[in-house]
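Presented below is the structure to which this report refers.
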Amino acid sequence: MTKRLEWIARHAADATWSAARAAEFARELGFAPEDAWAIAISTSELVTNAVRYAGWGRVILRPLHDPMVGLEVRVEDRGPGIADMEAVWVDGYSAGRFVREPQERTSLGTGLGAVRRLMDWAGMERREGGGLAVIARKWVGTVPSAARASKAR
Ligand SMILES: Nc1ncnc2c1ncn2[C@@H]1O[C@H](COP(=O)(O)OP(=O)(O)OP(=O)(O)O)[C@@H](O)[C@H]1O
Ligand SMILES: [Mg+2]
């Protein structure tokens with residue numbers, strides 16, 4: 001059985017190898033290549049956020065087994081957290097507010113939206129002692145991502 005993996009990401013470049021490790025882990029669990037890459041991209045987005053907004057983050061990958069085989073990506077940090085943990089999933093929500101025009105945003109604000117579209121489930125929680133944990137899960141052999149995007153809450 002594939003065991004849990006854990007590491008610390010400190011630099012923007014760590015998103016790349018974190019993504020590669022996540023893809024490998026997903027393949028070991030039985031995910032199809034396109035789903036393994038969806039997991040990799042999501043991992044990259046979450047690591048990028050942790051490094052960018054909190055300085056560093058701890059990445060934890062773990063298999064899910066009951067009742068379906070799946071994978072959980074958890075990226076936790078000790079940064080400032082997010083005040084509105086619902087709004088932040090909406091595309092265009094960046095730096096604490098929603099900005100309609102992409103050219104007026106300080107960043108695109110689409111990373112978390114993309115994670116929710118690519119994965120089966122994504123959520124976040126405040127950590128005791130400060131910081132944020134963002135969690136995303138995907139299960140092997142579920143329906144194509146486009147079909148489930150609207151109900152992935
Ligand atoms: N780990 C985090 N700690 C604190 N704030 C965060 C964290 N992750 C995201 N945020 C906040 O949530 C906002 C939205 O994040 P999201 O990843 O969707 O977009 P972005 O990082 O602004 O831009 P993009 O990912 O499209 O380059 C960010 O602008 C930031 O304010
Ligand atoms: Mg982002």
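Residues in the structure tokens are numbered from 1 in each chain, the chains being A, B, ... in the order shown, and ligands are numbered from 1 in the order shown.
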
*Spatial neighbours of range 36-41 of chain A, 6 Å, only C-alpha atoms, chain gap at least 6 places, as a PyMOL selection string*: chain A and resi 19+22-23+26+118

Give as a short mmCIF file (atom, residue, chain, number, x, y, z; two decimals) with C-alpha atoms, in the first residue's frame the residues surrounding ligand 2 up to a distance of 9 Å, considering only C-alpha atoms and all ligand atoms.
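File produced: out_35.cif:
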data_model
loop_
_atom_site.label_atom_id
_atom_site.label_comp_id
_atom_site.auth_asym_id
_atom_site.auth_seq_id
_atom_site.Cartn_x
_atom_site.Cartn_y
_atom_site.Cartn_z
CA GLU A 45 -1.18 25.70 -7.33
CA LEU A 46 -1.48 25.02 -3.60
CA VAL A 47 2.28 24.98 -3.08
CA THR A 48 2.65 28.21 -5.06
CA ASN A 49 0.04 29.86 -2.84
CA ALA A 50 1.66 28.66 0.38
CA ARG A 52 3.72 33.18 -2.08
CA TYR A 53 1.34 34.11 0.74
CA SER A 94 -7.38 37.89 -5.37
CA SER A 107 -2.90 38.26 -9.69
CA LEU A 108 -5.37 36.21 -11.72
CA GLY A 109 -7.14 34.77 -8.71
CA THR A 110 -7.94 31.56 -10.55
CA GLY A 111 -5.64 29.07 -8.81
CA LEU A 112 -8.08 27.86 -6.18
#

Polymer residues at most 7 Å from range 76-79 of chain A, only C-alpha atoms, same-chain spacing of 5 or more positions, as a PDB file with C-alpha atoms, in the first residue's frame:
ATOM      1  CA  ALA A  50       1.656  28.661   0.383  1.00  0.00           C
ATOM      2  CA  TYR A  53       1.336  34.112   0.736  1.00  0.00           C
ATOM      3  CA  ALA A  54       2.823  32.348   3.758  1.00  0.00           C
ATOM      4  CA  TRP A  56       6.518  28.201   3.000  1.00  0.00           C
ATOM      5  CA  GLY A  57       4.174  25.254   3.347  1.00  0.00           C
ATOM      6  CA  ARG A  58       4.033  21.623   4.401  1.00  0.00           C
ATOM      7  CA  VAL A  59       2.748  19.308   1.698  1.00  0.00           C
ATOM      8  CA  GLY A 130      -2.503  30.256  13.044  1.00  0.00           C
ATOM      9  CA  GLY A 131      -2.278  29.609   9.353  1.00  0.00           C
ATOM     10  CA  LEU A 132      -4.263  27.805   6.732  1.00  0.00           C
ATOM     11  CA  ALA A 133      -4.685  24.245   5.531  1.00  0.00           C
ATOM     12  CA  VAL A 134      -6.012  23.744   2.020  1.00  0.00           C
TER      13      VAL A 134
END

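Closest approach to ligand 1 among A:Arg27, A:Val88, A:Asp35, A:Leu61: A:Val88, based on only C-alpha atoms and all ligand atoms.
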
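Taking atom 21 (O, counted along the ligand's line) of ligand 1 and CA of Lys138 in chain A as the two end points, the separation is 21.2 Å.
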
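Picture a line from atom 26 (O, counted along the ligand's line) of ligand 1 to CA of Gly113 in chain A; it runs 8.4 Å.
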
Please extract the residues of chain A with a backbone DSSP assignment of helix (DSSP H, G or I) and present them as an mmCIF file with C-alpha atoms, in the first residue's frame.
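Below is the file that was written, part.cif:
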data_model
loop_
_atom_site.group_PDB
_atom_site.id
_atom_site.type_symbol
_atom_site.label_atom_id
_atom_site.label_comp_id
_atom_site.auth_asym_id
_atom_site.auth_seq_id
_atom_site.Cartn_x
_atom_site.Cartn_y
_atom_site.Cartn_z
ATOM 1 C CA ASP A 14 9.366 23.698 -5.255
ATOM 2 C CA ALA A 15 5.937 23.748 -6.897
ATOM 3 C CA THR A 16 7.395 21.957 -9.918
ATOM 4 C CA TRP A 17 8.926 18.987 -8.164
ATOM 5 C CA SER A 18 6.011 18.831 -5.734
ATOM 6 C CA ALA A 19 3.778 18.440 -8.793
ATOM 7 C CA ALA A 20 5.982 15.680 -10.190
ATOM 8 C CA ARG A 21 5.937 13.778 -6.893
ATOM 9 C CA ALA A 22 2.164 14.123 -6.679
ATOM 10 C CA ALA A 23 1.765 12.770 -10.215
ATOM 11 C CA GLU A 24 3.974 9.790 -9.408
ATOM 12 C CA PHE A 25 2.080 9.091 -6.189
ATOM 13 C CA ALA A 26 -1.232 9.303 -8.059
ATOM 14 C CA ARG A 27 -0.039 6.867 -10.730
ATOM 15 C CA GLU A 28 1.009 4.414 -7.995
ATOM 16 C CA LEU A 29 -2.505 4.598 -6.569
ATOM 17 C CA PRO A 33 -2.417 9.779 -16.529
ATOM 18 C CA GLU A 34 -4.751 12.745 -17.127
ATOM 19 C CA ASP A 35 -6.081 12.535 -13.572
ATOM 20 C CA ALA A 36 -2.567 12.219 -12.178
ATOM 21 C CA TRP A 37 -1.686 15.438 -13.985
ATOM 22 C CA ALA A 38 -4.811 17.168 -12.693
ATOM 23 C CA ILE A 39 -3.582 16.272 -9.206
ATOM 24 C CA ALA A 40 -0.103 17.516 -10.083
ATOM 25 C CA ILE A 41 -1.383 20.882 -11.314
ATOM 26 C CA SER A 42 -3.532 21.265 -8.203
ATOM 27 C CA THR A 43 -0.563 20.474 -5.976
ATOM 28 C CA SER A 44 1.502 23.034 -7.841
ATOM 29 C CA GLU A 45 -1.181 25.705 -7.327
ATOM 30 C CA LEU A 46 -1.481 25.022 -3.601
ATOM 31 C CA VAL A 47 2.282 24.984 -3.085
ATOM 32 C CA THR A 48 2.646 28.211 -5.059
ATOM 33 C CA ASN A 49 0.043 29.862 -2.842
ATOM 34 C CA ALA A 50 1.656 28.661 0.383
ATOM 35 C CA VAL A 51 5.092 29.917 -0.696
ATOM 36 C CA ARG A 52 3.716 33.183 -2.077
ATOM 37 C CA TYR A 53 1.336 34.112 0.736
ATOM 38 C CA ALA A 54 2.823 32.348 3.758
ATOM 39 C CA ALA A 87 -15.393 33.756 -1.670
ATOM 40 C CA VAL A 88 -11.788 32.875 -2.296
ATOM 41 C CA TRP A 89 -12.781 29.902 -4.517
ATOM 42 C CA PRO A 102 -8.587 40.459 -15.165
ATOM 43 C CA GLN A 103 -6.257 43.309 -16.190
ATOM 44 C CA GLU A 104 -7.055 45.148 -12.938
ATOM 45 C CA GLY A 111 -5.635 29.075 -8.814
ATOM 46 C CA LEU A 112 -8.078 27.858 -6.178
ATOM 47 C CA GLY A 113 -10.955 27.833 -8.686
ATOM 48 C CA ALA A 114 -8.844 25.613 -10.919
ATOM 49 C CA VAL A 115 -8.088 23.257 -8.027
ATOM 50 C CA ARG A 116 -11.789 22.883 -7.348
ATOM 51 C CA ARG A 117 -12.471 22.174 -11.013
ATOM 52 C CA LEU A 118 -9.651 19.665 -11.381
ATOM 53 C CA SER A 145 -13.867 16.802 -14.332
ATOM 54 C CA ALA A 146 -15.982 19.105 -16.543
ATOM 55 C CA ALA A 147 -19.146 17.246 -15.585
ATOM 56 C CA ARG A 148 -18.562 17.528 -11.881
ATOM 57 C CA ALA A 149 -17.128 21.056 -11.747
ATOM 58 C CA SER A 150 -20.436 22.683 -10.852
ATOM 59 C CA LYS A 151 -21.163 20.344 -7.960
#
